[in-house]
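See below for structure_1.txt, which holds compact mmCIF, C-alpha atoms and all ligand atoms.
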```txt
# COMPACT_ATOMS: atom_id res chain seq x y z
CA MET A 1 -8.49 -19.03 -13.22
CA VAL A 2 -8.32 -15.68 -14.96
CA GLU A 3 -6.96 -15.32 -18.50
CA SER A 4 -3.54 -13.75 -18.33
CA GLY A 5 -4.10 -11.46 -21.41
CA ASP A 6 -4.29 -7.89 -20.16
CA ARG A 7 -2.93 -8.28 -16.66
CA TYR A 8 0.37 -6.50 -17.29
CA GLN A 9 -0.82 -4.26 -20.13
CA LYS A 10 -0.14 -0.94 -18.40
CA GLN A 11 3.19 -2.15 -17.10
CA LEU A 12 4.27 -3.39 -20.53
CA LEU A 13 3.80 0.13 -21.91
CA LEU A 14 6.75 1.30 -19.84
CA ALA A 15 9.67 1.91 -22.19
CA GLY A 16 12.13 0.68 -19.58
CA LEU A 17 10.34 -2.62 -19.02
CA GLY A 18 8.50 -3.95 -22.09
CA ALA A 19 7.82 -7.60 -22.88
CA ARG A 20 11.43 -8.59 -22.38
CA GLY A 21 11.59 -7.05 -18.91
CA GLN A 22 8.24 -8.61 -18.01
CA ALA A 23 9.51 -12.04 -19.07
CA ARG A 24 12.52 -11.54 -16.82
CA LEU A 25 10.26 -10.64 -13.90
CA GLY A 26 8.29 -13.80 -14.54
CA ALA A 27 11.47 -15.88 -14.41
CA ALA A 28 12.72 -14.23 -11.21
CA GLY A 29 12.30 -15.13 -7.56
CA VAL A 30 12.46 -13.03 -4.40
CA LEU A 31 12.69 -13.75 -0.71
CA ILE A 32 10.71 -11.36 1.45
CA ALA A 33 12.12 -11.43 4.97
CA GLY A 34 9.31 -10.37 7.27
CA VAL A 35 5.73 -9.80 6.14
CA GLY A 36 4.63 -6.94 8.35
CA ALA A 37 4.18 -3.42 7.05
CA LEU A 38 7.25 -3.17 4.84
CA GLY A 39 7.14 -6.79 3.78
CA GLY A 40 3.39 -6.65 3.15
CA HIS A 41 3.75 -3.74 0.76
CA LEU A 42 6.80 -5.31 -0.86
CA ALA A 43 5.06 -8.67 -1.29
CA GLN A 44 1.99 -7.09 -2.78
CA LEU A 45 3.99 -5.04 -5.28
CA MET A 46 6.09 -8.05 -6.33
CA VAL A 47 3.06 -10.31 -6.78
CA ARG A 48 1.00 -7.73 -8.65
CA ALA A 49 3.95 -6.98 -10.94
CA GLY A 50 4.31 -10.67 -11.86
CA VAL A 51 7.60 -11.64 -10.22
CA GLY A 52 7.47 -15.39 -10.83
CA ARG A 53 8.27 -16.74 -7.37
CA VAL A 54 7.73 -14.95 -4.07
CA ARG A 55 8.79 -16.61 -0.83
CA LEU A 56 7.35 -15.04 2.33
CA VAL A 57 9.02 -15.65 5.69
CA ASP A 58 7.57 -14.49 9.00
CA ARG A 59 7.19 -16.11 12.41
CA ASP A 60 4.42 -13.86 13.76
CA VAL A 61 0.63 -13.80 13.78
CA PRO A 62 -1.30 -10.57 13.10
CA GLU A 63 -2.29 -8.35 16.02
CA LEU A 64 -4.77 -5.50 16.29
CA SER A 65 -1.92 -2.99 16.68
CA ASN A 66 -0.60 -4.05 13.24
CA LEU A 67 -3.69 -3.08 11.28
CA HIS A 68 -3.01 0.66 11.01
CA ARG A 69 0.03 0.01 8.81
CA GLN A 70 0.18 -3.62 7.61
CA PRO A 71 -1.77 -3.86 4.36
CA LEU A 72 -2.34 -7.61 4.07
CA TYR A 73 -4.26 -8.22 7.32
CA ASP A 74 -7.73 -7.34 8.52
CA GLU A 75 -9.91 -7.92 11.59
CA ASN A 76 -10.97 -11.37 10.38
CA ASP A 77 -7.35 -12.54 10.61
CA LEU A 78 -6.98 -11.73 14.30
CA GLY A 79 -7.05 -14.77 16.53
CA SER A 80 -7.24 -17.18 13.59
CA GLY A 81 -4.00 -18.79 14.70
CA GLU A 82 -2.61 -18.58 11.18
CA GLY A 83 0.79 -17.02 10.66
CA LYS A 84 1.25 -13.80 8.73
CA ALA A 85 3.14 -15.61 5.98
CA GLN A 86 0.22 -18.04 5.44
CA ILE A 87 -2.45 -15.35 5.51
CA ALA A 88 -0.46 -13.09 3.20
CA ALA A 89 0.13 -15.96 0.77
CA GLU A 90 -3.59 -16.83 0.63
CA LYS A 91 -4.58 -13.24 -0.05
CA LEU A 92 -1.89 -12.70 -2.65
CA ARG A 93 -2.74 -15.92 -4.51
CA ALA A 94 -6.18 -14.40 -5.08
CA VAL A 95 -4.47 -11.31 -6.55
CA ASN A 96 -2.25 -13.16 -9.00
CA SER A 97 -2.55 -16.91 -9.46
CA GLU A 98 0.30 -16.88 -11.98
CA VAL A 99 2.84 -16.27 -9.24
CA VAL A 100 4.24 -19.14 -7.17
CA ILE A 101 3.83 -17.89 -3.60
CA GLU A 102 5.47 -19.84 -0.80
CA ALA A 103 4.69 -19.22 2.87
CA VAL A 104 7.25 -20.08 5.53
CA VAL A 105 6.15 -19.54 9.12
CA ALA A 106 9.54 -19.44 10.82
CA GLU A 107 12.08 -17.12 12.31
CA LEU A 108 14.81 -16.19 9.88
CA GLY A 109 18.06 -17.27 11.50
CA PRO A 110 21.49 -18.75 10.85
CA PRO A 111 20.15 -22.32 10.48
CA ASN A 112 17.69 -21.51 7.67
CA VAL A 113 18.63 -18.27 5.93
CA LEU A 114 20.82 -19.82 3.21
CA GLU A 115 18.26 -22.49 2.37
CA LEU A 116 15.47 -19.90 2.22
CA ALA A 117 17.43 -17.60 -0.08
CA GLN A 118 18.99 -20.29 -2.26
CA GLY A 119 17.82 -20.38 -5.85
CA LEU A 120 16.23 -16.94 -5.69
CA ASP A 121 17.47 -13.71 -7.27
CA LEU A 122 16.95 -11.06 -4.62
CA ILE A 123 16.32 -10.62 -0.91
CA LEU A 124 13.95 -7.87 0.20
CA ASP A 125 14.18 -6.65 3.75
CA GLY A 126 10.84 -6.35 5.49
CA LEU A 127 12.29 -6.73 8.97
CA ASP A 128 11.58 -4.68 12.04
CA ASN A 129 14.75 -5.83 13.73
CA PRO A 130 17.70 -3.73 12.54
CA ALA A 131 20.30 -6.20 13.73
CA THR A 132 18.92 -9.19 11.76
CA ARG A 133 19.93 -7.28 8.64
CA TYR A 134 23.52 -8.32 9.38
CA LEU A 135 22.42 -11.92 8.97
CA ILE A 136 20.80 -11.10 5.64
CA ASN A 137 23.90 -9.19 4.58
CA ASP A 138 26.12 -12.20 5.40
CA ALA A 139 23.79 -14.55 3.50
CA ALA A 140 23.50 -12.24 0.49
CA VAL A 141 27.26 -11.73 0.17
CA HIS A 142 27.88 -15.46 0.70
CA LEU A 143 25.43 -16.37 -2.07
CA GLY A 144 26.30 -13.38 -4.29
CA LEU A 145 22.66 -12.24 -4.18
CA PRO A 146 21.58 -8.61 -4.24
CA TRP A 147 19.45 -7.37 -1.36
CA ILE A 148 17.62 -4.18 -0.59
CA TYR A 149 17.83 -2.78 2.90
CA THR A 150 14.66 -0.95 3.93
CA GLY A 151 14.35 0.34 7.48
CA VAL A 152 11.61 2.49 8.98
CA VAL A 153 10.53 3.94 12.31
CA ALA A 154 8.17 6.77 13.25
CA THR A 155 8.20 9.12 10.22
CA ARG A 156 11.72 8.21 9.07
CA GLY A 157 13.17 5.62 6.76
CA ASN A 158 16.19 4.42 4.77
CA VAL A 159 16.55 2.46 1.55
CA LEU A 160 19.84 1.04 0.25
CA CYS A 161 20.50 -1.35 -2.66
CA ILE A 162 23.34 -3.77 -2.08
CA VAL A 163 24.79 -5.75 -5.00
CA PRO A 164 27.67 -7.93 -3.76
CA GLY A 165 30.93 -7.26 -5.62
CA ARG A 166 29.53 -4.10 -7.15
CA THR A 167 28.38 -1.84 -4.32
CA PRO A 168 29.40 -1.49 -0.66
CA CYS A 169 27.66 -4.04 1.55
CA LEU A 170 26.06 -3.19 4.89
CA ARG A 171 29.29 -4.01 6.76
CA CYS A 172 31.42 -1.90 4.39
CA LEU A 173 29.42 1.03 5.74
CA PHE A 174 28.64 -0.08 9.29
CA PRO A 175 31.02 -2.92 10.31
CA SER A 176 29.07 -3.90 13.45
CA PRO A 177 25.42 -3.71 14.42
CA PRO A 178 24.73 -0.75 16.71
CA PRO A 179 23.70 -1.60 20.28
CA LEU A 180 20.00 -2.40 20.20
CA GLU A 181 19.18 0.07 22.98
CA ALA A 182 20.76 2.89 20.92
CA LEU A 183 18.27 2.47 18.08
CA PRO A 184 14.81 4.01 17.86
CA ARG A 185 12.22 1.24 17.60
CA VAL A 186 8.62 1.07 16.51
CA ASP A 187 7.75 -0.24 20.00
CA THR A 188 9.11 2.91 21.64
CA HIS A 189 8.99 5.62 18.95
CA GLY A 190 5.86 4.56 17.07
CA ILE A 191 5.14 4.66 13.34
CA ILE A 192 2.50 5.87 10.89
CA GLY A 193 1.27 3.90 7.89
CA PRO A 194 2.79 6.13 5.19
CA THR A 195 6.34 5.51 6.44
CA PRO A 196 6.59 1.82 5.47
CA ALA A 197 4.36 2.36 2.42
CA PHE A 198 6.71 4.99 1.02
CA ALA A 199 9.94 3.13 1.81
CA ALA A 200 8.56 -0.13 0.42
CA ALA A 201 7.39 1.56 -2.78
CA LEU A 202 10.88 2.94 -3.36
CA ALA A 203 12.49 -0.43 -2.59
CA ALA A 204 9.99 -2.28 -4.79
CA ALA A 205 10.73 0.02 -7.73
CA GLN A 206 14.43 -0.77 -7.32
CA ALA A 207 13.60 -4.47 -7.16
CA LEU A 208 11.56 -4.38 -10.37
CA LYS A 209 14.31 -2.47 -12.12
CA LEU A 210 16.98 -4.90 -10.93
CA LEU A 211 15.01 -8.05 -11.73
CA SER A 212 13.89 -6.87 -15.15
CA GLY A 213 17.04 -5.15 -16.37
CA GLY A 214 20.03 -5.60 -14.06
CA PRO A 215 21.83 -3.37 -11.58
CA ASP A 216 22.51 -0.32 -13.77
CA GLY A 217 20.61 2.77 -12.68
CA LEU A 218 19.77 1.64 -9.15
CA LEU A 219 19.78 4.20 -6.34
CA PRO A 220 23.48 5.15 -6.11
CA GLY A 221 23.53 5.48 -2.34
CA LEU A 222 21.58 5.59 0.89
CA PHE A 223 18.20 7.27 0.51
CA SER A 224 16.86 8.72 3.76
CA PHE A 225 13.66 10.58 4.52
CA ASP A 226 11.78 12.14 7.38
CA PHE A 227 8.18 13.09 6.59
CA TRP A 228 7.80 15.18 9.74
CA ARG A 229 10.73 17.42 8.81
CA GLY A 230 10.10 17.35 5.07
CA GLN A 231 13.59 15.92 4.47
CA PHE A 232 14.56 13.68 1.57
CA GLN A 233 18.24 12.94 1.09
CA LEU A 234 20.43 10.71 -1.08
CA THR A 235 23.91 10.14 0.37
CA GLU A 236 26.16 8.90 -2.41
CA LEU A 237 28.49 6.08 -1.43
CA PRO A 238 31.91 4.87 -2.65
CA GLY A 239 31.63 3.14 -6.01
CA GLY A 240 32.50 -0.39 -4.86
CA PRO A 241 33.00 -2.66 -1.88
CA ALA A 242 35.57 -1.65 0.77
CA PRO A 243 38.66 -3.87 0.33
CA ASP A 244 39.04 -4.23 4.10
CA CYS A 245 35.36 -5.07 4.71
CA PRO A 246 35.19 -8.10 7.03
CA CYS A 247 32.23 -9.44 5.07
CA CYS A 248 32.67 -8.86 1.35
CA GLY A 249 36.46 -8.22 1.54
CA GLN A 250 37.56 -11.01 3.91
CA ARG A 251 34.47 -13.21 3.51
CA ASP A 252 34.01 -13.61 7.25
CA PHE A 253 30.36 -14.42 8.02
CA PRO A 254 29.93 -14.42 11.81
CA PHE A 255 26.18 -13.82 11.71
CA LEU A 256 25.60 -16.59 9.21
CA GLU A 257 27.69 -19.01 11.23
CA GLY A 258 25.97 -18.07 14.47
CA ARG A 259 29.22 -16.73 15.98
CA ALA A 260 27.70 -13.27 16.39
CA GLN A 261 24.19 -12.75 17.63
CA PRO A 262 22.28 -10.40 15.39
CA ALA A 263 19.60 -9.58 17.95
ZN ZN B 301 31.31 -5.19 2.53
```
Would you give me this structure, written as structure tokens?
Ligand SMILES: [Zn+2]
Amino acid sequence: MVESGDRYQKQLLLAGLGARGQARLGAAGVLIAGVGALGGHLAQLMVRAGVGRVRLVDRDVPELSNLHRQPLYDENDLGSGEGKAQIAAEKLRAVNSEVVIEAVVAELGPPNVLELAQGLDLILDGLDNPATRYLINDAAVHLGLPWIYTGVVATRGNVLCIVPGRTPCLRCLFPSPPPLEALPRVDTHGIIGPTPAFAAALAAAQALKLLSGGPDGLLPGLFSFDFWRGQFQLTELPGGPAPDCPCCGQRDFPFLEGRAQPA
């Protein structure tokens, strides 16, 4: 056990955080949905920063083709039979033993999403399946929990902060999931390591700001980037939820109730 003393010293110097913000981080809990590349970076940044409870959910085991971009796995983990969530939790406990890290080796779905998110303060999206985000959106709006959408493929990515009741939700902007075949995927379009690292860093900064000080000053819209074209863009969004949104306006949760298939 390491003395806690100086662990957060450099972070505490930040005017916007300070001891009060650090205490709030320590009292906060996050769900990290998917612990691949995005989720691995997100988990690491939350644990190192001292977010008090970090729950990792992933059904997969590491593969060789993950290692070029997923920061929490190495060659020794291949073929061990252990799930990514377990391996990530073990490694991160060695980074910061003050954080309660929970590993759940399971697929996030309608039967378990509410239970997994209950009692926490924020959901971070580390998923590689764009459509499962509609399930997270339903769960977050249902529970009144903020969530941060982070999607990446190839050299492109998007980050969007969603605070139910305060900002548009995913379905305010895109009422239905796009057809899966219409979307570029890592399996078909590839990806380089910097893409998830960059998107996760931006999302993690929003998470730390939100958990330590509340929703003021979060990204006011959809941030998009493409490294290969040198494009970085913030698309500002309407100030609040859409009144006719099926999710946050009419509180219809088809993905949560299993009436609509997210994948
Ligand atoms: Zn909405």
Against ligand ZN 301 (chain B), which residues of chain A fall within 7 Å? For each one I want the closest pair of atoms and the distance in Å (one decimal), counting all atoms listed in the file, rows by chain and increasing residue number, as a Markdown table.
```
| residue | atom | partner | partner_atom | distance |
| --- | --- | --- | --- | --- |
| A:Pro168 | CA | B:ZN301 | ZN | 5.2 |
| A:Cys169 | CA | B:ZN301 | ZN | 4.0 |
| A:Leu170 | CA | B:ZN301 | ZN | 6.1 |
| A:Arg171 | CA | B:ZN301 | ZN | 4.8 |
| A:Cys172 | CA | B:ZN301 | ZN | 3.8 |
| A:Pro241 | CA | B:ZN301 | ZN | 5.4 |
| A:Ala242 | CA | B:ZN301 | ZN | 5.8 |
| A:Cys245 | CA | B:ZN301 | ZN | 4.6 |
| A:Pro246 | CA | B:ZN301 | ZN | 6.6 |
| A:Cys247 | CA | B:ZN301 | ZN | 5.0 |
| A:Cys248 | CA | B:ZN301 | ZN | 4.1 |
| A:Gly249 | CA | B:ZN301 | ZN | 6.1 |
```
For C-alpha atoms, I'd like the residues from the last selection saved as an mmCIF file, in the coordinates of the input.
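Final output, saved to part-v4.cif:
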```cif
data_model
loop_
_atom_site.group_PDB
_atom_site.id
_atom_site.type_symbol
_atom_site.label_atom_id
_atom_site.label_comp_id
_atom_site.auth_asym_id
_atom_site.auth_seq_id
_atom_site.Cartn_x
_atom_site.Cartn_y
_atom_site.Cartn_z
ATOM 1 C CA PRO A 168 29.400 -1.490 -0.660
ATOM 2 C CA CYS A 169 27.660 -4.040 1.550
ATOM 3 C CA LEU A 170 26.060 -3.190 4.890
ATOM 4 C CA ARG A 171 29.290 -4.010 6.760
ATOM 5 C CA CYS A 172 31.420 -1.900 4.390
ATOM 6 C CA PRO A 241 33.000 -2.660 -1.880
ATOM 7 C CA ALA A 242 35.570 -1.650 0.770
ATOM 8 C CA CYS A 245 35.360 -5.070 4.710
ATOM 9 C CA PRO A 246 35.190 -8.100 7.030
ATOM 10 C CA CYS A 247 32.230 -9.440 5.070
ATOM 11 C CA CYS A 248 32.670 -8.860 1.350
ATOM 12 C CA GLY A 249 36.460 -8.220 1.540
#
```
| request: Please identify all polymer residues within 7 Å of stretch 183-192 of chain A, counting only C-alpha atoms, omitting same-chain residues fewer than 3 positions from it, and present them as JSON, numbers by chain. | output: {"A": [69, 153, 154, 155, 180, 195]}
| request: Using only C-alpha atoms, find the one residue out of A:Ala43, A:Ala197, A:Leu78, A:Val51 that sits nearest to A:Leu210. | output: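 Answer, going by the shortest atom-to-atom distance: A:Val51.
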Could you put an axis-aligned box around every listed atom of stretch 98-109 of chain A, padded by 8 Å on each side, and send me its centre and edge lengths in Å to one decimal, as AutoDock Vina command-line options?
```
--center_x 9.2 --center_y -18.1 --center_z 0.2 --size_x 33.8 --size_y 19.9 --size_z 40.3
```
| query | Which is closest to A:Phe255 among A:Leu17, A:Leu108, A:Leu31, A:Leu120, if we use only C-alpha atoms? | reply |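 That would be A:Leu108, the residue with the smallest distance to A:Phe255.
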| message | Give me the residues near A:Leu211 as a ChimeraX atom specification, where near means some atom within 6 Å (using all atoms listed in the file) and where sequence neighbours in that chain fewer than 3 positions away do not count. | response | /A:25,207-208
| field | For A:Gly52, the nearest of the candidates A:Ser224, A:Gln250, A:Ser97, A:Asn137, counting only C-alpha atoms | value | A:Ser97
| message | From the options A:Val141, A:Leu72, A:Val100, A:Val152, which residue's atoms come nearest to A:Pro196, counting only C-alpha atoms? | response |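 The closest residue to A:Pro196 is A:Val152.
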| Which one is closest to A:Val35: A:Ala117, A:Ala200, A:Leu173, A:Ala49? Count only C-alpha atoms. |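 The closest residue to A:Val35 is A:Ala200.
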| d(atom CA of A:Leu127, atom CA of A:Leu218) in Å |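 Atom CA of A:Leu127 sits 21.3 Å away from atom CA of A:Leu218.
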| query | How many Å lie between atom CA of A:Leu38 and atom CA of A:Gln70, rounded to one decimal? | reply | 7.6 Å
| task | Just give me the gap between atom CA of A:Phe198 and atom CA of A:Asp125 in Å, one decimal is fine. | result | 14.1 Å
| field | Proximity to A:Leu135 - best of A:Trp147, A:Phe232, A:Phe223, A:Tyr8, all atoms listed in the file | value |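 Once distances to A:Leu135 are computed over all atoms listed in the file, the minimum belongs to A:Trp147.
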Residues near A:Gly39, anyone? I mean within 12 Å using only C-alpha atoms, not counting same-chain ones fewer than 5 positions away, as a JSON list (two decimals) with C-alpha atoms, in the coordinates of the input.
```
[["chain", "number", "residue", "atom", "x", "y", "z"],
["A", 30, "VAL", "CA", 12.46, -13.03, -4.40],
["A", 31, "LEU", "CA", 12.69, -13.75, -0.71],
["A", 32, "ILE", "CA", 10.71, -11.36, 1.45],
["A", 33, "ALA", "CA", 12.12, -11.43, 4.97],
["A", 34, "GLY", "CA", 9.31, -10.37, 7.27],
["A", 44, "GLN", "CA", 1.99, -7.09, -2.78],
["A", 45, "LEU", "CA", 3.99, -5.04, -5.28],
["A", 46, "MET", "CA", 6.09, -8.05, -6.33],
["A", 47, "VAL", "CA", 3.06, -10.31, -6.78],
["A", 54, "VAL", "CA", 7.73, -14.95, -4.07],
["A", 55, "ARG", "CA", 8.79, -16.61, -0.83],
["A", 56, "LEU", "CA", 7.35, -15.04, 2.33],
["A", 57, "VAL", "CA", 9.02, -15.65, 5.69],
["A", 58, "ASP", "CA", 7.57, -14.49, 9.00],
["A", 69, "ARG", "CA", 0.03, 0.01, 8.81],
["A", 70, "GLN", "CA", 0.18, -3.62, 7.61],
["A", 71, "PRO", "CA", -1.77, -3.86, 4.36],
["A", 72, "LEU", "CA", -2.34, -7.61, 4.07],
["A", 84, "LYS", "CA", 1.25, -13.80, 8.73],
["A", 85, "ALA", "CA", 3.14, -15.61, 5.98],
["A", 88, "ALA", "CA", -0.46, -13.09, 3.20],
["A", 89, "ALA", "CA", 0.13, -15.96, 0.77],
["A", 123, "ILE", "CA", 16.32, -10.62, -0.91],
["A", 124, "LEU", "CA", 13.95, -7.87, 0.20],
["A", 125, "ASP", "CA", 14.18, -6.65, 3.75],
["A", 126, "GLY", "CA", 10.84, -6.35, 5.49],
["A", 127, "LEU", "CA", 12.29, -6.73, 8.97],
["A", 128, "ASP", "CA", 11.58, -4.68, 12.04],
["A", 148, "ILE", "CA", 17.62, -4.18, -0.59],
["A", 149, "TYR", "CA", 17.83, -2.78, 2.90],
["A", 150, "THR", "CA", 14.66, -0.95, 3.93],
["A", 151, "GLY", "CA", 14.35, 0.34, 7.48],
["A", 152, "VAL", "CA", 11.61, 2.49, 8.98],
["A", 196, "PRO", "CA", 6.59, 1.82, 5.47],
["A", 197, "ALA", "CA", 4.36, 2.36, 2.42],
["A", 199, "ALA", "CA", 9.94, 3.13, 1.81],
["A", 200, "ALA", "CA", 8.56, -0.13, 0.42],
["A", 201, "ALA", "CA", 7.39, 1.56, -2.78],
["A", 203, "ALA", "CA", 12.49, -0.43, -2.59],
["A", 204, "ALA", "CA", 9.99, -2.28, -4.79]]
```
Taking N, CA and C atoms as the atom set, what does stretch 167-178 of chain A look like once completed, written as a PDB file, in the coordinates of the input?
```
ATOM      1  N   THR A 167      28.632  -2.979  -5.205  1.00  0.00           N
ATOM      2  CA  THR A 167      28.380  -1.840  -4.320  1.00  0.00           C
ATOM      3  C   THR A 167      28.937  -2.179  -2.929  1.00  0.00           C
ATOM      4  N   PRO A 168      29.090  -1.167  -2.063  1.00  0.00           N
ATOM      5  CA  PRO A 168      29.400  -1.490  -0.660  1.00  0.00           C
ATOM      6  C   PRO A 168      28.295  -2.360  -0.075  1.00  0.00           C
ATOM      7  N   CYS A 169      28.687  -3.273   0.829  1.00  0.00           N
ATOM      8  CA  CYS A 169      27.660  -4.040   1.550  1.00  0.00           C
ATOM      9  C   CYS A 169      27.366  -3.318   2.865  1.00  0.00           C
ATOM     10  N   LEU A 170      26.435  -3.850   3.642  1.00  0.00           N
ATOM     11  CA  LEU A 170      26.060  -3.190   4.890  1.00  0.00           C
ATOM     12  C   LEU A 170      27.272  -3.027   5.817  1.00  0.00           C
ATOM     13  N   ARG A 171      28.143  -4.072   5.847  1.00  0.00           N
ATOM     14  CA  ARG A 171      29.290  -4.010   6.760  1.00  0.00           C
ATOM     15  C   ARG A 171      30.436  -3.169   6.215  1.00  0.00           C
ATOM     16  N   CYS A 172      30.468  -2.895   4.915  1.00  0.00           N
ATOM     17  CA  CYS A 172      31.420  -1.900   4.390  1.00  0.00           C
ATOM     18  C   CYS A 172      31.125  -0.549   5.029  1.00  0.00           C
ATOM     19  N   LEU A 173      29.844  -0.286   5.237  1.00  0.00           N
ATOM     20  CA  LEU A 173      29.420   1.030   5.740  1.00  0.00           C
ATOM     21  C   LEU A 173      29.359   1.052   7.254  1.00  0.00           C
ATOM     22  N   PHE A 174      28.809  -0.013   7.826  1.00  0.00           N
ATOM     23  CA  PHE A 174      28.640  -0.080   9.290  1.00  0.00           C
ATOM     24  C   PHE A 174      29.144  -1.467   9.718  1.00  0.00           C
ATOM     25  N   PRO A 175      30.428  -1.585  10.088  1.00  0.00           N
ATOM     26  CA  PRO A 175      31.020  -2.920  10.310  1.00  0.00           C
ATOM     27  C   PRO A 175      30.312  -3.759  11.356  1.00  0.00           C
ATOM     28  N   SER A 176      29.747  -3.128  12.395  1.00  0.00           N
ATOM     29  CA  SER A 176      29.070  -3.900  13.450  1.00  0.00           C
ATOM     30  C   SER A 176      27.674  -3.353  13.673  1.00  0.00           C
ATOM     31  N   PRO A 177      26.755  -4.211  14.092  1.00  0.00           N
ATOM     32  CA  PRO A 177      25.420  -3.710  14.420  1.00  0.00           C
ATOM     33  C   PRO A 177      25.503  -2.733  15.596  1.00  0.00           C
ATOM     34  N   PRO A 178      24.742  -1.654  15.563  1.00  0.00           N
ATOM     35  CA  PRO A 178      24.730  -0.750  16.710  1.00  0.00           C
ATOM     36  C   PRO A 178      24.066  -1.433  17.891  1.00  0.00           C
TER      37      PRO A 178
END
```
